[in-house]
>>> print(open('model.cif').read())   # mmCIF, C-alpha atoms and all ligand atoms
data_start
loop_
_atom_site.group_PDB
_atom_site.id
_atom_site.type_symbol
_atom_site.label_atom_id
_atom_site.label_comp_id
_atom_site.auth_asym_id
_atom_site.auth_seq_id
_atom_site.Cartn_x
_atom_site.Cartn_y
_atom_site.Cartn_z
ATOM 1 C CA MET R 1 106.426 48.132 81.035
ATOM 2 C CA LEU R 2 106.164 48.058 84.821
ATOM 3 C CA LYS R 3 109.853 48.963 85.037
ATOM 4 C CA TYR R 4 109.324 52.103 82.951
ATOM 5 C CA PHE R 5 106.284 53.032 85.013
ATOM 6 C CA ILE R 6 108.257 52.738 88.247
ATOM 7 C CA VAL R 7 111.177 54.711 86.802
ATOM 8 C CA THR R 8 108.778 57.466 85.725
ATOM 9 C CA ILE R 9 107.213 57.640 89.192
ATOM 10 C CA VAL R 10 110.626 57.805 90.828
ATOM 11 C CA LEU R 11 111.725 60.581 88.483
ATOM 12 C CA LEU R 12 108.532 62.565 89.141
ATOM 13 C CA LEU R 13 109.020 62.218 92.894
ATOM 14 C CA ALA R 14 112.640 63.291 92.582
ATOM 15 C CA VAL R 15 111.697 66.394 90.570
ATOM 16 C CA SER R 16 108.889 67.312 92.985
ATOM 17 C CA CYS R 17 111.338 67.160 95.902
ATOM 18 C CA VAL R 18 113.839 69.547 94.300
ATOM 19 C CA PRO R 19 113.465 72.978 95.907
ATOM 20 C CA GLN R 20 112.102 75.444 93.389
ATOM 21 C CA ALA R 21 112.488 79.212 93.161
ATOM 22 C CA ARG R 22 109.121 80.803 93.886
ATOM 23 C CA THR R 23 107.500 84.131 94.640
ATOM 24 C CA VAL R 24 104.623 85.146 96.845
ATOM 25 C CA THR R 25 102.910 88.540 96.646
ATOM 26 C CA VAL R 26 101.702 90.214 99.825
ATOM 27 C CA TYR R 27 99.276 93.148 99.640
ATOM 28 C CA PRO R 28 99.060 95.784 102.384
ATOM 29 C CA SER R 29 97.089 95.190 105.540
ATOM 30 C CA ASN R 30 97.311 98.967 106.136
ATOM 31 C CA ASP R 31 98.230 101.818 103.785
ATOM 32 C CA SER R 32 97.848 105.560 104.042
ATOM 33 C CA PHE R 33 99.755 108.820 103.905
ATOM 34 C CA ALA R 34 100.550 111.593 106.366
ATOM 35 C CA TRP R 35 100.726 115.208 105.202
ATOM 36 C CA GLU R 36 102.476 117.960 107.102
ATOM 37 C CA TRP R 37 100.147 120.465 105.388
ATOM 38 C CA ALA R 38 97.059 118.982 107.124
ATOM 39 C CA PRO R 39 98.730 117.399 110.141
ATOM 40 C CA SER R 40 95.601 116.103 111.896
ATOM 41 C CA ASN R 41 93.954 114.643 108.785
ATOM 42 C CA ASN R 42 93.740 110.913 108.079
ATOM 43 C CA TYR R 43 93.788 109.466 104.556
ATOM 44 C CA GLY R 44 93.506 105.749 105.291
ATOM 45 C CA SER R 45 90.406 105.220 103.116
ATOM 46 C CA TRP R 46 91.778 107.038 100.077
ATOM 47 C CA SER R 47 92.555 105.038 96.933
ATOM 48 C CA HIS R 48 95.865 106.783 96.369
ATOM 49 C CA SER R 49 98.859 107.780 98.431
ATOM 50 C CA ARG R 50 101.668 110.275 97.977
ATOM 51 C CA ILE R 51 105.356 110.930 98.524
ATOM 52 C CA GLY R 52 106.792 114.411 98.148
ATOM 53 C CA LYS R 53 106.593 118.036 99.239
ATOM 54 C CA ARG R 54 103.465 119.861 98.178
ATOM 55 C CA GLY R 55 100.916 122.471 99.234
ATOM 56 C CA LEU R 56 97.256 122.709 98.309
ATOM 57 C CA ASN R 57 98.109 125.424 95.812
ATOM 58 C CA LEU R 58 101.729 125.974 94.846
ATOM 59 C CA GLN R 59 101.187 129.620 93.865
ATOM 60 C CA LEU R 60 99.524 130.481 97.179
ATOM 61 C CA ASP R 61 101.871 128.477 99.311
ATOM 62 C CA PRO R 62 104.546 130.724 100.847
ATOM 63 C CA ASN R 63 106.428 127.694 102.147
ATOM 64 C CA ARG R 64 106.392 126.008 98.751
ATOM 65 C CA GLY R 65 104.684 122.950 100.132
ATOM 66 C CA LYS R 66 104.866 120.550 103.048
ATOM 67 C CA HIS R 67 106.158 117.005 103.224
ATOM 68 C CA VAL R 68 103.879 114.062 102.537
ATOM 69 C CA TRP R 69 104.911 110.476 103.301
ATOM 70 C CA THR R 70 103.387 107.087 102.452
ATOM 71 C CA ALA R 71 103.011 104.377 105.103
ATOM 72 C CA LEU R 72 102.634 100.685 104.160
ATOM 73 C CA MET R 73 102.215 97.606 106.349
ATOM 74 C CA PHE R 74 102.257 93.966 105.185
ATOM 75 C CA ASP R 75 101.085 91.072 107.361
ATOM 76 C CA LEU R 76 103.810 88.422 107.188
ATOM 77 C CA THR R 77 102.506 86.089 109.891
ATOM 78 C CA PRO R 78 101.282 83.517 107.267
ATOM 79 C CA TYR R 79 104.916 83.154 106.174
ATOM 80 C CA SER R 80 106.442 82.539 109.581
ATOM 81 C CA GLY R 81 109.461 80.268 109.454
ATOM 82 C CA ILE R 82 110.427 80.713 105.821
ATOM 83 C CA THR R 83 113.807 81.935 104.679
ATOM 84 C CA ILE R 84 113.587 84.316 101.752
ATOM 85 C CA ASP R 85 116.125 84.802 98.995
ATOM 86 C CA SER R 86 115.076 88.442 98.552
ATOM 87 C CA ALA R 87 112.148 90.825 98.940
ATOM 88 C CA ILE R 88 111.077 93.964 97.147
ATOM 89 C CA VAL R 89 108.424 96.584 97.755
ATOM 90 C CA ALA R 90 106.716 97.615 94.527
ATOM 91 C CA VAL R 91 104.440 100.646 94.145
ATOM 92 C CA TYR R 92 102.927 101.913 90.900
ATOM 93 C CA ILE R 93 103.556 105.613 90.259
ATOM 94 C CA TYR R 94 100.724 106.968 88.148
ATOM 95 C CA GLU R 95 101.106 110.736 88.597
ATOM 96 C CA THR R 96 104.017 113.047 89.291
ATOM 97 C CA VAL R 97 104.607 116.733 89.964
ATOM 98 C CA GLY R 98 108.136 118.075 89.696
ATOM 99 C CA THR R 99 111.191 115.893 89.414
ATOM 100 C CA PHE R 100 112.293 113.177 91.780
ATOM 101 C CA PRO R 101 114.683 114.837 94.252
ATOM 102 C CA PRO R 102 117.932 112.875 94.024
ATOM 103 C CA ASN R 103 119.367 111.702 97.335
ATOM 104 C CA GLU R 104 116.385 113.036 99.290
ATOM 105 C CA VAL R 105 113.850 110.192 99.200
ATOM 106 C CA TRP R 106 114.076 107.343 101.673
ATOM 107 C CA ILE R 107 112.390 104.172 102.777
ATOM 108 C CA ALA R 108 112.188 103.459 106.495
ATOM 109 C CA LYS R 109 111.052 100.866 108.987
ATOM 110 C CA CYS R 110 108.380 102.355 111.247
ATOM 111 C CA SER R 111 109.517 102.208 114.837
ATOM 112 C CA ASP R 112 106.002 102.149 116.354
ATOM 113 C CA ASP R 113 102.623 100.643 115.533
ATOM 114 C CA TRP R 114 99.897 102.489 113.574
ATOM 115 C CA GLU R 115 96.485 101.910 111.982
ATOM 116 C CA GLU R 116 95.530 103.203 108.546
ATOM 117 C CA ASN R 117 92.308 104.834 109.806
ATOM 118 C CA ASP R 118 94.109 106.667 112.610
ATOM 119 C CA LEU R 119 97.456 107.698 111.114
ATOM 120 C CA THR R 120 98.128 111.437 110.818
ATOM 121 C CA TRP R 121 101.206 113.615 110.494
ATOM 122 C CA ASN R 122 100.889 114.549 114.154
ATOM 123 C CA ASN R 123 100.781 110.975 115.486
ATOM 124 C CA ARG R 124 103.062 109.399 112.879
ATOM 125 C CA PRO R 125 105.555 106.806 114.122
ATOM 126 C CA GLY R 126 109.282 107.364 113.994
ATOM 127 C CA TYR R 127 111.561 105.691 111.517
ATOM 128 C CA HIS R 128 114.922 104.152 110.713
ATOM 129 C CA ASN R 129 115.731 104.926 107.118
ATOM 130 C CA TRP R 130 117.946 104.517 104.092
ATOM 131 C CA LEU R 131 117.956 106.219 100.715
ATOM 132 C CA VAL R 132 116.244 104.595 97.760
ATOM 133 C CA PRO R 133 116.791 104.486 93.999
ATOM 134 C CA PRO R 134 115.027 107.165 91.956
ATOM 135 C CA ALA R 135 111.386 106.581 91.106
ATOM 136 C CA PRO R 136 110.233 106.142 87.526
ATOM 137 C CA GLN R 137 107.166 107.873 86.123
ATOM 138 C CA TYR R 138 104.053 105.901 85.117
ATOM 139 C CA ALA R 139 105.731 102.623 86.038
ATOM 140 C CA TRP R 140 106.500 100.281 88.926
ATOM 141 C CA TRP R 141 109.018 101.558 91.445
ATOM 142 C CA THR R 142 110.792 98.663 93.197
ATOM 143 C CA ILE R 143 112.865 98.894 96.360
ATOM 144 C CA ASP R 144 114.885 96.072 97.897
ATOM 145 C CA VAL R 145 113.855 95.366 101.514
ATOM 146 C CA THR R 146 115.257 91.859 101.905
ATOM 147 C CA THR R 147 116.915 92.435 105.262
ATOM 148 C CA TRP R 148 113.838 94.028 106.806
ATOM 149 C CA ALA R 149 111.400 91.429 105.423
ATOM 150 C CA GLN R 150 113.434 88.538 106.845
ATOM 151 C CA ALA R 151 113.649 90.294 110.220
ATOM 152 C CA TRP R 152 109.854 90.785 110.232
ATOM 153 C CA ILE R 153 109.247 87.127 109.276
ATOM 154 C CA ASP R 154 111.624 85.979 112.021
ATOM 155 C CA GLU R 155 110.074 88.473 114.462
ATOM 156 C CA ALA R 156 113.589 89.749 115.077
ATOM 157 C CA TYR R 157 112.135 93.234 114.592
ATOM 158 C CA PRO R 158 108.486 94.269 115.193
ATOM 159 C CA ASN R 159 106.583 94.515 111.922
ATOM 160 C CA TYR R 160 105.193 98.039 112.107
ATOM 161 C CA GLY R 161 105.482 98.486 108.352
ATOM 162 C CA LEU R 162 107.432 101.151 106.570
ATOM 163 C CA TRP R 163 107.500 104.690 105.395
ATOM 164 C CA ILE R 164 108.429 105.962 101.966
ATOM 165 C CA GLY R 165 109.156 109.627 102.547
ATOM 166 C CA THR R 166 111.325 112.606 101.826
ATOM 167 C CA ASN R 167 112.854 115.593 103.552
ATOM 168 C CA ALA R 168 113.309 117.317 100.197
ATOM 169 C CA THR R 169 113.425 121.086 100.011
ATOM 170 C CA SER R 170 112.152 121.282 96.436
ATOM 171 C CA VAL R 171 108.508 120.805 95.455
ATOM 172 C CA SER R 172 107.581 117.377 94.103
ATOM 173 C CA ASP R 173 104.700 114.945 94.433
ATOM 174 C CA PHE R 174 104.588 111.273 93.469
ATOM 175 C CA TRP R 175 101.220 109.515 93.514
ATOM 176 C CA ILE R 176 100.715 105.783 93.941
ATOM 177 C CA TYR R 177 97.628 103.589 94.313
ATOM 178 C CA THR R 178 96.602 102.009 97.620
ATOM 179 C CA LYS R 179 94.705 98.828 98.432
ATOM 180 C CA GLU R 180 91.440 100.811 98.239
ATOM 181 C CA GLU R 181 91.885 100.970 94.447
ATOM 182 C CA PRO R 182 89.639 98.182 93.050
ATOM 183 C CA GLY R 183 91.472 94.984 92.146
ATOM 184 C CA THR R 184 95.075 94.210 92.928
ATOM 185 C CA GLU R 185 96.825 94.946 89.628
ATOM 186 C CA VAL R 186 98.246 98.304 90.728
ATOM 187 C CA ASP R 187 98.126 97.930 94.521
ATOM 188 C CA PRO R 188 101.325 98.245 96.568
ATOM 189 C CA GLN R 189 103.020 94.890 96.918
ATOM 190 C CA LEU R 190 105.674 93.173 98.945
ATOM 191 C CA ILE R 191 107.070 90.381 96.779
ATOM 192 C CA LEU R 192 108.931 87.593 98.566
ATOM 193 C CA TYR R 193 111.346 85.441 96.568
ATOM 194 C CA TYR R 194 112.084 82.112 98.225
ATOM 195 C CA THR R 195 112.984 78.519 97.541
ATOM 196 C CA GLY R 196 110.727 75.743 98.762
ATOM 197 C CA ILE R 197 107.102 74.691 98.890
ATOM 198 C CA ASN R 198 104.341 76.768 97.314
ATOM 199 C CA LEU R 199 102.766 79.477 99.512
ATOM 200 C CA GLU R 200 99.571 81.427 98.879
ATOM 201 C CA SER R 201 99.601 85.150 98.130
ATOM 202 C CA SER R 202 97.460 87.437 100.258
ATOM 203 C CA SER R 203 94.366 89.276 99.052
ATOM 204 C CA ASP R 204 93.573 92.956 99.501
ATOM 205 C CA GLU R 205 89.889 92.468 100.410
ATOM 206 C CA ASN R 206 88.806 95.035 97.780
HETATM 207 CA CA CA H 301 94.273 102.477 102.945
#
>>> encode(input="model.cif", output="C-alpha cells", more="lines below")
Ligand SMILES: [Ca+2]
Amino acid sequence: MLKYFIVTIVLLLAVSCVPQARTVTVYPSNDSFAWEWAPSNNYGSWSHSRIGKRGLNLQLDPNRGKHVWTALMFDLTPYSGITIDSAIVAVYIYETVGTFPPNEVWIAKCSDDWEENDLTWNNRPGYHNWLVPPAPQYAWWTIDVTTWAQAWIDEAYPNYGLWIGTNATSVSDFWIYTKEEPGTEVDPQLILYYTGINLESSSDEN
C-alpha cells in the first residue's frame, strides 16, 4: 500500500513539474481615441473607442470625415521575465459604419508616452506600424502582436502602448468598447500565451 502511495505522489510531482501551456489576460491601463475632427478633445473617460474616418454628420461634411484612431496601453510589468509563445490584442467590434477599408488599417507601437485623460489628436504620439487583418462585425477582432509584447516584457522597447488606426480615404467607423464599459467581458484585451507557472490576469478597476 505504501509503495502505491509513494508512486502516486511521485507521479503527481512529475506532472506538476511539466511545463503547461497557459494564458493570461491583460486589460488596458489606458485606452482612448483621438479624432482629427475635434483635434483638441479628449475621450479617455468614454466607454467606447473608434477606428475609422468619420465626420459629425456625413451629409454636412465636405471632407467626408476625419480620421479617428484608438490608443491602447497594457501594463506588462507584473509579467517581467517571462517568455511568451504568442500574444494577441483582442477588441470587440459592436458597431460599424461603412465597410472595412482593405489594406488601409494598421496597428502601431506608440513611439512616445501618453495618458488616457490627456490624449488628443493634436498631442498624439507617433507610431511604427504594420497592416492588420480585416475586422469582423459584431465579433472579436484579434491581431497578433507577439514580437511587440515580448519586447515590452523584456523592456527592449518602451511600452507606450499601441495605436489601431487608418489613413483610409473612404468613410468608415468601427466602434469598440473600452475599459470604462462595466465588467471585463467586452473590454480590450492583450492575451499572453506562455508555458510555465500560473500567472494572474489583471483587472480593469471598473
Ligand atoms: Ca479610457
>>> residues_near_ligand(input="model.cif", ligand="ligand CA 301 (chain H)", cutoff="10 Å", atoms="only C-alpha atoms and all ligand atoms", output="short mmCIF file (atom, residue, chain, number, x, y, z; two decimals) with C-alpha atoms, in the coordinates of the input")
data_model
loop_
_atom_site.label_atom_id
_atom_site.label_comp_id
_atom_site.auth_asym_id
_atom_site.auth_seq_id
_atom_site.Cartn_x
_atom_site.Cartn_y
_atom_site.Cartn_z
CA PRO R 28 99.06 95.78 102.38
CA SER R 29 97.09 95.19 105.54
CA ASN R 30 97.31 98.97 106.14
CA ASP R 31 98.23 101.82 103.78
CA SER R 32 97.85 105.56 104.04
CA PHE R 33 99.76 108.82 103.90
CA ASN R 42 93.74 110.91 108.08
CA TYR R 43 93.79 109.47 104.56
CA GLY R 44 93.51 105.75 105.29
CA SER R 45 90.41 105.22 103.12
CA TRP R 46 91.78 107.04 100.08
CA SER R 47 92.56 105.04 96.93
CA HIS R 48 95.86 106.78 96.37
CA SER R 49 98.86 107.78 98.43
CA ALA R 71 103.01 104.38 105.10
CA LEU R 72 102.63 100.68 104.16
CA MET R 73 102.22 97.61 106.35
CA GLU R 115 96.48 101.91 111.98
CA GLU R 116 95.53 103.20 108.55
CA ASN R 117 92.31 104.83 109.81
CA TYR R 177 97.63 103.59 94.31
CA THR R 178 96.60 102.01 97.62
CA LYS R 179 94.70 98.83 98.43
CA GLU R 180 91.44 100.81 98.24
CA GLU R 181 91.88 100.97 94.45
#
>>> closest_residue(input="model.cif", among="R:Pro39, R:Ile143, R:Val91, R:Arg50", to="Glu185 in chain R", atoms="all atoms listed in the file")
R:Val91
>>> residues_around(input="model.cif", residues="Ser170 in chain R", least_positions_apart="4", cutoff="9 Å", atoms="only C-alpha atoms", output="list in words")
Gly52, Lys53, Arg54, Arg64, Gly65, Gly98, Thr99 and Pro101 of chain R
>>> residues_around(input="model.cif", residues="Gln189 in chain R", least_positions_apart="3", cutoff="9 Å", atoms="all atoms listed in the file", output="PyMOL selection string")
chain R and resi 25-28+74+88-91+184+186
>>> atom_distance(input="model.cif", atom1="CA of Gly126 in chain R", atom2="CA of Cys110 in chain R")
5.8 Å
>>> resolve_selection(input="model.cif", expression="the PyMOL selection byres (((chain R and resi 139) around 12) and not hetatm)", output="VMD selection string")
chain R and resid 90 to 96 134 to 138 140 to 142 174 to 177 186
>>> closest_residue(input="model.cif", among="R:Glu200, R:Leu119, R:Ser80, R:Tyr194", to="Ala156 in chain R", atoms="only C-alpha atoms")
R:Ser80
>>> closest_residue(input="model.cif", among="R:Thr195, R:Asn122, R:Thr146, R:Ser203", to="Thr23 in chain R", atoms="all atoms listed in the file")
R:Thr195
>>> residues_around(input="model.cif", residues="Asp113 in chain R", least_positions_apart="2", cutoff="9 Å", atoms="all atoms listed in the file", output="PyMOL selection string")
chain R and resi 110-111+115+125+158-161
>>> build_atoms(input="model.cif", residues="range 175-205 of chain R", atoms="N, CA and C atoms", output="PDB file, in the coordinates of the input")
ATOM      1  N   TRP R 175     102.475 110.147  93.110  1.00  0.00           N
ATOM      2  CA  TRP R 175     101.220 109.515  93.514  1.00  0.00           C
ATOM      3  C   TRP R 175     101.258 108.033  93.183  1.00  0.00           C
ATOM      4  N   ILE R 176     100.818 107.224  94.157  1.00  0.00           N
ATOM      5  CA  ILE R 176     100.715 105.783  93.941  1.00  0.00           C
ATOM      6  C   ILE R 176      99.300 105.337  94.324  1.00  0.00           C
ATOM      7  N   TYR R 177      98.911 104.153  93.910  1.00  0.00           N
ATOM      8  CA  TYR R 177      97.628 103.589  94.313  1.00  0.00           C
ATOM      9  C   TYR R 177      97.780 102.936  95.692  1.00  0.00           C
ATOM     10  N   THR R 178      96.629 102.746  96.361  1.00  0.00           N
ATOM     11  CA  THR R 178      96.602 102.009  97.620  1.00  0.00           C
ATOM     12  C   THR R 178      95.700 100.790  97.448  1.00  0.00           C
ATOM     13  N   LYS R 179      95.538 100.032  98.512  1.00  0.00           N
ATOM     14  CA  LYS R 179      94.705  98.828  98.432  1.00  0.00           C
ATOM     15  C   LYS R 179      93.239  99.159  98.230  1.00  0.00           C
ATOM     16  N   GLU R 180      92.833 100.430  98.466  1.00  0.00           N
ATOM     17  CA  GLU R 180      91.440 100.811  98.239  1.00  0.00           C
ATOM     18  C   GLU R 180      91.118 100.926  96.753  1.00  0.00           C
ATOM     19  N   GLU R 181      92.125 101.011  95.886  1.00  0.00           N
ATOM     20  CA  GLU R 181      91.885 100.970  94.447  1.00  0.00           C
ATOM     21  C   GLU R 181      91.337  99.578  94.103  1.00  0.00           C
ATOM     22  N   PRO R 182      90.215  99.501  93.356  1.00  0.00           N
ATOM     23  CA  PRO R 182      89.639  98.182  93.050  1.00  0.00           C
ATOM     24  C   PRO R 182      90.640  97.252  92.365  1.00  0.00           C
ATOM     25  N   GLY R 183      90.556  95.966  92.717  1.00  0.00           N
ATOM     26  CA  GLY R 183      91.472  94.984  92.146  1.00  0.00           C
ATOM     27  C   GLY R 183      92.836  95.061  92.806  1.00  0.00           C
ATOM     28  N   THR R 184      93.740  94.238  92.331  1.00  0.00           N
ATOM     29  CA  THR R 184      95.075  94.210  92.928  1.00  0.00           C
ATOM     30  C   THR R 184      96.178  94.544  91.928  1.00  0.00           C
ATOM     31  N   GLU R 185      95.806  94.811  90.673  1.00  0.00           N
ATOM     32  CA  GLU R 185      96.825  94.946  89.628  1.00  0.00           C
ATOM     33  C   GLU R 185      97.820  96.071  89.911  1.00  0.00           C
ATOM     34  N   VAL R 186      97.355  97.165  90.519  1.00  0.00           N
ATOM     35  CA  VAL R 186      98.246  98.304  90.728  1.00  0.00           C
ATOM     36  C   VAL R 186      98.407  98.624  92.215  1.00  0.00           C
ATOM     37  N   ASP R 187      97.980  97.711  93.082  1.00  0.00           N
ATOM     38  CA  ASP R 187      98.126  97.930  94.521  1.00  0.00           C
ATOM     39  C   ASP R 187      99.593  97.827  94.926  1.00  0.00           C
ATOM     40  N   PRO R 188      99.968  98.472  96.030  1.00  0.00           N
ATOM     41  CA  PRO R 188     101.325  98.245  96.568  1.00  0.00           C
ATOM     42  C   PRO R 188     101.523  96.766  96.881  1.00  0.00           C
ATOM     43  N   GLN R 189     102.727  96.308  96.727  1.00  0.00           N
ATOM     44  CA  GLN R 189     103.020  94.890  96.918  1.00  0.00           C
ATOM     45  C   GLN R 189     104.350  94.709  97.633  1.00  0.00           C
ATOM     46  N   LEU R 190     104.400  93.676  98.438  1.00  0.00           N
ATOM     47  CA  LEU R 190     105.674  93.173  98.945  1.00  0.00           C
ATOM     48  C   LEU R 190     105.851  91.802  98.314  1.00  0.00           C
ATOM     49  N   ILE R 191     106.853  91.641  97.488  1.00  0.00           N
ATOM     50  CA  ILE R 191     107.070  90.381  96.779  1.00  0.00           C
ATOM     51  C   ILE R 191     108.228  89.641  97.444  1.00  0.00           C
ATOM     52  N   LEU R 192     107.921  88.437  97.923  1.00  0.00           N
ATOM     53  CA  LEU R 192     108.931  87.593  98.566  1.00  0.00           C
ATOM     54  C   LEU R 192     109.428  86.563  97.567  1.00  0.00           C
ATOM     55  N   TYR R 193     110.720  86.469  97.410  1.00  0.00           N
ATOM     56  CA  TYR R 193     111.346  85.441  96.568  1.00  0.00           C
ATOM     57  C   TYR R 193     111.962  84.410  97.513  1.00  0.00           C
ATOM     58  N   TYR R 194     111.612  83.141  97.308  1.00  0.00           N
ATOM     59  CA  TYR R 194     112.084  82.112  98.225  1.00  0.00           C
ATOM     60  C   TYR R 194     112.225  80.803  97.478  1.00  0.00           C
ATOM     61  N   THR R 195     112.809  79.843  98.120  1.00  0.00           N
ATOM     62  CA  THR R 195     112.984  78.519  97.541  1.00  0.00           C
ATOM     63  C   THR R 195     112.310  77.517  98.455  1.00  0.00           C
ATOM     64  N   GLY R 196     111.383  76.726  97.910  1.00  0.00           N
ATOM     65  CA  GLY R 196     110.727  75.743  98.762  1.00  0.00           C
ATOM     66  C   GLY R 196     109.344  75.418  98.290  1.00  0.00           C
ATOM     67  N   ILE R 197     108.461  75.093  99.232  1.00  0.00           N
ATOM     68  CA  ILE R 197     107.102  74.691  98.890  1.00  0.00           C
ATOM     69  C   ILE R 197     106.291  75.917  98.478  1.00  0.00           C
ATOM     70  N   ASN R 198     105.178  75.681  97.798  1.00  0.00           N
ATOM     71  CA  ASN R 198     104.341  76.768  97.314  1.00  0.00           C
ATOM     72  C   ASN R 198     103.564  77.403  98.466  1.00  0.00           C
ATOM     73  N   LEU R 199     103.517  78.741  98.507  1.00  0.00           N
ATOM     74  CA  LEU R 199     102.766  79.477  99.512  1.00  0.00           C
ATOM     75  C   LEU R 199     101.736  80.347  98.807  1.00  0.00           C
ATOM     76  N   GLU R 200     100.632  80.626  99.489  1.00  0.00           N
ATOM     77  CA  GLU R 200      99.571  81.427  98.879  1.00  0.00           C
ATOM     78  C   GLU R 200      99.835  82.910  99.067  1.00  0.00           C
ATOM     79  N   SER R 201      99.540  83.703  98.014  1.00  0.00           N
ATOM     80  CA  SER R 201      99.601  85.150  98.130  1.00  0.00           C
ATOM     81  C   SER R 201      98.423  85.645  98.960  1.00  0.00           C
ATOM     82  N   SER R 202      98.549  86.860  99.483  1.00  0.00           N
ATOM     83  CA  SER R 202      97.460  87.437 100.258  1.00  0.00           C
ATOM     84  C   SER R 202      96.460  88.073  99.315  1.00  0.00           C
ATOM     85  N   SER R 203      95.318  88.502  99.844  1.00  0.00           N
ATOM     86  CA  SER R 203      94.366  89.276  99.052  1.00  0.00           C
ATOM     87  C   SER R 203      94.252  90.648  99.683  1.00  0.00           C
ATOM     88  N   ASP R 204      93.665  91.595  98.947  1.00  0.00           N
ATOM     89  CA  ASP R 204      93.573  92.956  99.501  1.00  0.00           C
ATOM     90  C   ASP R 204      92.167  93.286  99.973  1.00  0.00           C
ATOM     91  N   GLU R 205      91.244  92.323  99.887  1.00  0.00           N
ATOM     92  CA  GLU R 205      89.889  92.468 100.410  1.00  0.00           C
ATOM     93  C   GLU R 205      89.092  93.541  99.687  1.00  0.00           C
TER      94      GLU R 205
END
